[in-house]
Amino acid sequence: MNGEVSLVAGVDEAGRGPLAGPVAAAAVILDPERPILGLADSKRLTPDQRESLDQEIRNQALAFAVEFATVEEIDRINILQASLLAMQRAVENLSITPQRALVDGNRPPRLACAVETVVKGDATVAVISAASILAKVARDREMLMLDSKFPGYGFARHKGYPTRAHLTALRELGPCALHRRSFRPVRELLR
């Protein structure tokens with residue numbers, strides 16, 4: 001790498017809204033010589049598009065890392081702080097140290113490099129879109145795997161989000177170890 005190339009990491013999270021499971025965050029440094037077509041906010045893509053782009057990002061990025069904050073961390077420090085912690089972990093685990101990080105949202109994690117927040121960056125900044133996709137795919141895969149460990153809740157389908165089916169299962173089965181006790185629907189069932 002010559003000194004003229006600015007190493008910018010895109011950073012985003014997935015899974016702030018669910019009632020269950022960890023929150024995921026990804027950091028990505030794209031290769032300017034190998035642009036990836038079709039990058040967009042992960043929520044706007046189909047699962048097949050996300051899977052395909054996830055593979056392409058992993059194959060073509062200069063560096064990437066995906067990290068999680070656990071349910072216990074979410075309940076202990078709150079979902080915002082856990083999201084920032086997962087972002088910090090992702091950036092720290094990049095194989096290349098970025099000079100700057102572009103972070104989706106309006107709250108920056110504590111990082112060793114310069115940080116700029118970009119509201120709706122996952123829809124407007126390619127490197128943040130790439131991070132959004134990696135985080136979403138990683139979290140969805142984690143929830144799919146956890147579905148077999150915690151049957152009956154439907155985690156493979158709703159990924160822990162508060163769908164009608166999930167809320168019904170939560171009322172019928174009660175919370176499991178994956179449920180975030182600090183989230184109101186879960187907390188109210190525990191009373």
# chains A, B, ... in the order shown; residues from 1 in each chain; ligands from 1
$ select_by_dssp --residues "stretch 26-143 of chain A" --states "helix (DSSP H, G or I)" --output "PyMOL selection string"
chain A and resi 42-44+47-60+71-77+79-92+121-124+126-143
$ closest_atom_pairs --of "stretch 69-137 of chain A" --to "stretch 39-58 of chain A" --cutoff "12 Å" --atoms "only C-alpha atoms" --output "JSON lines"
{"residue": "A:Asp104", "atom": "CA", "partner": "A:Asp41", "partner_atom": "CA", "distance": 10.4}
{"residue": "A:Lys120", "atom": "CA", "partner": "A:Asp41", "partner_atom": "CA", "distance": 8.6}
{"residue": "A:Gly121", "atom": "CA", "partner": "A:Asp41", "partner_atom": "CA", "distance": 8.3}
{"residue": "A:Asp122", "atom": "CA", "partner": "A:Asp41", "partner_atom": "CA", "distance": 4.8}
{"residue": "A:Ala123", "atom": "CA", "partner": "A:Asp41", "partner_atom": "CA", "distance": 4.6}
{"residue": "A:Thr124", "atom": "CA", "partner": "A:Ala40", "partner_atom": "CA", "distance": 7.6}
{"residue": "A:Val125", "atom": "CA", "partner": "A:Ala40", "partner_atom": "CA", "distance": 8.3}
{"residue": "A:Ala126", "atom": "CA", "partner": "A:Leu39", "partner_atom": "CA", "distance": 6.0}
{"residue": "A:Val127", "atom": "CA", "partner": "A:Leu39", "partner_atom": "CA", "distance": 8.4}
{"residue": "A:Ile128", "atom": "CA", "partner": "A:Asp41", "partner_atom": "CA", "distance": 8.3}
{"residue": "A:Ser129", "atom": "CA", "partner": "A:Ala40", "partner_atom": "CA", "distance": 5.1}
{"residue": "A:Ala130", "atom": "CA", "partner": "A:Leu39", "partner_atom": "CA", "distance": 6.3}
{"residue": "A:Ala131", "atom": "CA", "partner": "A:Ser42", "partner_atom": "CA", "distance": 8.9}
{"residue": "A:Ser132", "atom": "CA", "partner": "A:Ser42", "partner_atom": "CA", "distance": 5.6}
{"residue": "A:Ile133", "atom": "CA", "partner": "A:Ser42", "partner_atom": "CA", "distance": 4.9}
{"residue": "A:Leu134", "atom": "CA", "partner": "A:Asp54", "partner_atom": "CA", "distance": 5.6}
{"residue": "A:Ala135", "atom": "CA", "partner": "A:Ser42", "partner_atom": "CA", "distance": 8.8}
{"residue": "A:Lys136", "atom": "CA", "partner": "A:Ser42", "partner_atom": "CA", "distance": 6.7}
{"residue": "A:Val137", "atom": "CA", "partner": "A:Glu51", "partner_atom": "CA", "distance": 6.7}
$ closest_residue --among "A:Ala86, A:Ala24, A:Val186, A:Ile96" --to "A:Ala9" --atoms "only C-alpha atoms"
A:Ile96
$ residues_around --residues "A:Leu167" --least-positions-apart "5" --cutoff "12 Å" --atoms "only C-alpha atoms" --output "PyMOL selection string"
chain A and resi 18-20+152-155+158+160-162+172-175+179+184-186+188-189
$ write_last_selection --atoms "N, CA, C and O atoms" --output "PDB file, in the first residue's frame"
ATOM      1  N   PRO A  18     -34.226  -6.885  18.186  1.00  0.00           N
ATOM      2  CA  PRO A  18     -34.784  -8.159  18.636  1.00  0.00           C
ATOM      3  C   PRO A  18     -34.893  -8.274  20.160  1.00  0.00           C
ATOM      4  O   PRO A  18     -34.207  -7.575  20.903  1.00  0.00           O
ATOM      5  N   LEU A  19     -35.741  -9.194  20.572  1.00  0.00           N
ATOM      6  CA  LEU A  19     -35.912  -9.488  21.998  1.00  0.00           C
ATOM      7  C   LEU A  19     -34.957 -10.578  22.452  1.00  0.00           C
ATOM      8  O   LEU A  19     -34.882 -10.882  23.633  1.00  0.00           O
ATOM      9  N   ALA A  20     -34.257 -11.194  21.494  1.00  0.00           N
ATOM     10  CA  ALA A  20     -33.396 -12.333  21.819  1.00  0.00           C
ATOM     11  C   ALA A  20     -32.151 -12.332  20.944  1.00  0.00           C
ATOM     12  O   ALA A  20     -32.166 -11.817  19.830  1.00  0.00           O
ATOM     13  N   GLY A 152     -38.847 -24.206  19.459  1.00  0.00           N
ATOM     14  CA  GLY A 152     -40.176 -23.750  19.848  1.00  0.00           C
ATOM     15  C   GLY A 152     -40.395 -22.261  19.734  1.00  0.00           C
ATOM     16  O   GLY A 152     -41.535 -21.799  19.663  1.00  0.00           O
ATOM     17  N   TYR A 153     -39.319 -21.501  19.708  1.00  0.00           N
ATOM     18  CA  TYR A 153     -39.462 -20.031  19.646  1.00  0.00           C
ATOM     19  C   TYR A 153     -39.523 -19.510  18.213  1.00  0.00           C
ATOM     20  O   TYR A 153     -39.983 -18.404  17.973  1.00  0.00           O
ATOM     21  N   GLY A 154     -39.015 -20.274  17.255  1.00  0.00           N
ATOM     22  CA  GLY A 154     -39.029 -19.838  15.860  1.00  0.00           C
ATOM     23  C   GLY A 154     -37.908 -18.891  15.492  1.00  0.00           C
ATOM     24  O   GLY A 154     -38.040 -18.094  14.559  1.00  0.00           O
ATOM     25  N   PHE A 155     -36.766 -18.966  16.192  1.00  0.00           N
ATOM     26  CA  PHE A 155     -35.659 -18.037  15.930  1.00  0.00           C
ATOM     27  C   PHE A 155     -35.166 -18.103  14.489  1.00  0.00           C
ATOM     28  O   PHE A 155     -34.721 -17.109  13.937  1.00  0.00           O
ATOM     29  N   HIS A 158     -37.894 -15.653  12.621  1.00  0.00           N
ATOM     30  CA  HIS A 158     -37.984 -14.217  12.961  1.00  0.00           C
ATOM     31  C   HIS A 158     -36.694 -13.630  13.517  1.00  0.00           C
ATOM     32  O   HIS A 158     -36.611 -12.426  13.730  1.00  0.00           O
ATOM     33  N   GLY A 160     -35.444 -13.503  16.305  1.00  0.00           N
ATOM     34  CA  GLY A 160     -35.533 -12.877  17.622  1.00  0.00           C
ATOM     35  C   GLY A 160     -36.305 -11.573  17.648  1.00  0.00           C
ATOM     36  O   GLY A 160     -36.523 -10.995  18.707  1.00  0.00           O
ATOM     37  N   TYR A 161     -36.740 -11.096  16.476  1.00  0.00           N
ATOM     38  CA  TYR A 161     -37.519  -9.855  16.439  1.00  0.00           C
ATOM     39  C   TYR A 161     -38.897 -10.097  17.053  1.00  0.00           C
ATOM     40  O   TYR A 161     -39.385 -11.226  17.076  1.00  0.00           O
ATOM     41  N   PRO A 162     -39.535  -9.054  17.554  1.00  0.00           N
ATOM     42  CA  PRO A 162     -40.815  -9.214  18.260  1.00  0.00           C
ATOM     43  C   PRO A 162     -42.018  -9.391  17.328  1.00  0.00           C
ATOM     44  O   PRO A 162     -42.947  -8.589  17.322  1.00  0.00           O
ATOM     45  N   GLU A 172     -46.099 -18.487  25.835  1.00  0.00           N
ATOM     46  CA  GLU A 172     -46.391 -19.900  26.091  1.00  0.00           C
ATOM     47  C   GLU A 172     -45.230 -20.634  26.748  1.00  0.00           C
ATOM     48  O   GLU A 172     -45.428 -21.462  27.630  1.00  0.00           O
ATOM     49  N   LEU A 173     -44.006 -20.362  26.302  1.00  0.00           N
ATOM     50  CA  LEU A 173     -42.830 -21.099  26.781  1.00  0.00           C
ATOM     51  C   LEU A 173     -42.055 -20.373  27.870  1.00  0.00           C
ATOM     52  O   LEU A 173     -41.241 -20.974  28.560  1.00  0.00           O
ATOM     53  N   GLY A 174     -42.279 -19.059  27.979  1.00  0.00           N
ATOM     54  CA  GLY A 174     -41.478 -18.253  28.895  1.00  0.00           C
ATOM     55  C   GLY A 174     -40.133 -17.943  28.259  1.00  0.00           C
ATOM     56  O   GLY A 174     -39.753 -18.555  27.255  1.00  0.00           O
ATOM     57  N   PRO A 175     -39.398 -16.996  28.814  1.00  0.00           N
ATOM     58  CA  PRO A 175     -38.099 -16.624  28.246  1.00  0.00           C
ATOM     59  C   PRO A 175     -37.078 -17.756  28.386  1.00  0.00           C
ATOM     60  O   PRO A 175     -37.119 -18.513  29.342  1.00  0.00           O
ATOM     61  N   HIS A 179     -33.083 -14.784  25.596  1.00  0.00           N
ATOM     62  CA  HIS A 179     -33.915 -13.582  25.674  1.00  0.00           C
ATOM     63  C   HIS A 179     -33.250 -12.477  26.491  1.00  0.00           C
ATOM     64  O   HIS A 179     -32.615 -12.741  27.515  1.00  0.00           O
ATOM     65  N   ARG A 184     -38.544  -4.781  27.539  1.00  0.00           N
ATOM     66  CA  ARG A 184     -39.819  -4.763  28.234  1.00  0.00           C
ATOM     67  C   ARG A 184     -40.684  -6.009  28.068  1.00  0.00           C
ATOM     68  O   ARG A 184     -41.145  -6.543  29.074  1.00  0.00           O
ATOM     69  N   PRO A 185     -40.950  -6.522  26.841  1.00  0.00           N
ATOM     70  CA  PRO A 185     -41.811  -7.700  26.747  1.00  0.00           C
ATOM     71  C   PRO A 185     -41.278  -8.901  27.525  1.00  0.00           C
ATOM     72  O   PRO A 185     -42.055  -9.681  28.079  1.00  0.00           O
ATOM     73  N   VAL A 186     -39.963  -9.039  27.587  1.00  0.00           N
ATOM     74  CA  VAL A 186     -39.354 -10.145  28.324  1.00  0.00           C
ATOM     75  C   VAL A 186     -39.410  -9.840  29.821  1.00  0.00           C
ATOM     76  O   VAL A 186     -39.799 -10.682  30.633  1.00  0.00           O
ATOM     77  N   GLU A 188     -41.453  -7.992  31.462  1.00  0.00           N
ATOM     78  CA  GLU A 188     -42.820  -8.078  31.997  1.00  0.00           C
ATOM     79  C   GLU A 188     -43.225  -9.524  32.244  1.00  0.00           C
ATOM     80  O   GLU A 188     -43.945  -9.802  33.207  1.00  0.00           O
ATOM     81  N   LEU A 189     -42.780 -10.454  31.408  1.00  0.00           N
ATOM     82  CA  LEU A 189     -43.094 -11.868  31.605  1.00  0.00           C
ATOM     83  C   LEU A 189     -42.380 -12.448  32.821  1.00  0.00           C
ATOM     84  O   LEU A 189     -42.822 -13.440  33.398  1.00  0.00           O
TER      85      LEU A 189
END
$ select_by_dssp --residues "stretch 22-130 of chain A" --states "strand (DSSP E or B)" --output "MDAnalysis selection string"
chainID A and resid 23:29 63:69 100:104 114:118
$ residues_around --residues "A:Pro98" --least-positions-apart "5" --cutoff "12 Å" --atoms "only C-alpha atoms" --output "PyMOL selection string"
chain A and resi 5-11+27-30+62-64+90-93+111-115
$ decode --residues "stretch 7-35 of chain A" --atoms "N, CA and C atoms" --output "tab-separated table (two decimals), in the first residue's frame"
chain	number	residue	atom	x	y	z
A	7	LEU	N	-7.07	4.37	4.31
A	7	LEU	CA	-7.74	3.15	4.74
A	7	LEU	C	-8.95	3.51	5.60
A	8	VAL	N	-10.12	3.40	5.00
A	8	VAL	CA	-11.36	3.76	5.67
A	8	VAL	C	-12.17	2.49	5.94
A	9	ALA	N	-12.54	2.32	7.18
A	9	ALA	CA	-13.38	1.18	7.56
A	9	ALA	C	-14.82	1.64	7.65
A	10	GLY	N	-15.72	0.87	7.09
A	10	GLY	CA	-17.16	1.07	7.30
A	10	GLY	C	-17.57	0.20	8.47
A	11	VAL	N	-18.45	0.72	9.32
A	11	VAL	CA	-18.85	-0.01	10.53
A	11	VAL	C	-20.37	0.08	10.69
A	12	ASP	N	-20.99	-1.05	10.98
A	12	ASP	CA	-22.43	-1.07	11.24
A	12	ASP	C	-22.76	-2.26	12.11
A	13	GLU	N	-23.96	-2.24	12.67
A	13	GLU	CA	-24.43	-3.32	13.54
A	13	GLU	C	-25.72	-3.91	12.99
A	14	ALA	N	-26.09	-5.06	13.52
A	14	ALA	CA	-27.36	-5.69	13.21
A	14	ALA	C	-27.89	-6.33	14.48
A	15	GLY	N	-29.17	-6.15	14.71
A	15	GLY	CA	-29.78	-6.83	15.85
A	15	GLY	C	-30.02	-5.99	17.08
A	16	ARG	N	-30.24	-4.69	16.91
A	16	ARG	CA	-30.56	-3.88	18.09
A	16	ARG	C	-32.01	-4.08	18.53
A	17	GLY	N	-32.91	-4.36	17.60
A	17	GLY	CA	-34.33	-4.43	17.91
A	17	GLY	C	-34.87	-5.75	18.43
A	18	PRO	N	-34.23	-6.89	18.19
A	18	PRO	CA	-34.78	-8.16	18.64
A	18	PRO	C	-34.89	-8.27	20.16
A	19	LEU	N	-35.74	-9.19	20.57
A	19	LEU	CA	-35.91	-9.49	22.00
A	19	LEU	C	-34.96	-10.58	22.45
A	20	ALA	N	-34.26	-11.19	21.49
A	20	ALA	CA	-33.40	-12.33	21.82
A	20	ALA	C	-32.15	-12.33	20.94
A	21	GLY	N	-31.10	-12.94	21.49
A	21	GLY	CA	-29.87	-13.12	20.73
A	21	GLY	C	-28.90	-11.97	20.88
A	22	PRO	N	-27.67	-12.20	20.42
A	22	PRO	CA	-26.63	-11.18	20.51
A	22	PRO	C	-26.85	-10.07	19.49
A	23	VAL	N	-26.11	-8.99	19.65
A	23	VAL	CA	-26.05	-7.95	18.63
A	23	VAL	C	-24.72	-8.16	17.89
A	24	ALA	N	-24.75	-8.03	16.56
A	24	ALA	CA	-23.56	-8.23	15.74
A	24	ALA	C	-23.09	-6.90	15.19
A	25	ALA	N	-21.80	-6.78	14.96
A	25	ALA	CA	-21.25	-5.61	14.29
A	25	ALA	C	-20.15	-6.06	13.35
A	26	ALA	N	-20.02	-5.32	12.25
A	26	ALA	CA	-18.97	-5.63	11.28
A	26	ALA	C	-18.20	-4.37	10.95
A	27	ALA	N	-16.94	-4.56	10.62
A	27	ALA	CA	-16.07	-3.50	10.11
A	27	ALA	C	-15.47	-4.02	8.82
A	28	VAL	N	-15.45	-3.18	7.80
A	28	VAL	CA	-14.97	-3.59	6.48
A	28	VAL	C	-14.09	-2.49	5.89
A	29	ILE	N	-12.98	-2.88	5.30
A	29	ILE	CA	-12.17	-1.97	4.48
A	29	ILE	C	-12.24	-2.53	3.07
A	30	LEU	N	-12.92	-1.80	2.19
A	30	LEU	CA	-13.06	-2.25	0.80
A	30	LEU	C	-11.81	-1.93	0.00
A	31	ASP	N	-11.59	-2.71	-1.04
A	31	ASP	CA	-10.48	-2.49	-1.96
A	31	ASP	C	-10.96	-1.55	-3.06
A	32	PRO	N	-10.42	-0.33	-3.15
A	32	PRO	CA	-10.87	0.60	-4.19
A	32	PRO	C	-10.63	0.08	-5.61
A	33	GLU	N	-9.71	-0.86	-5.76
A	33	GLU	CA	-9.42	-1.45	-7.07
A	33	GLU	C	-10.43	-2.52	-7.47
A	34	ARG	N	-11.25	-2.96	-6.50
A	34	ARG	CA	-12.22	-4.04	-6.76
A	34	ARG	C	-13.60	-3.65	-6.24
A	35	PRO	N	-14.26	-2.71	-6.91
A	35	PRO	CA	-15.57	-2.28	-6.43
A	35	PRO	C	-16.59	-3.42	-6.46
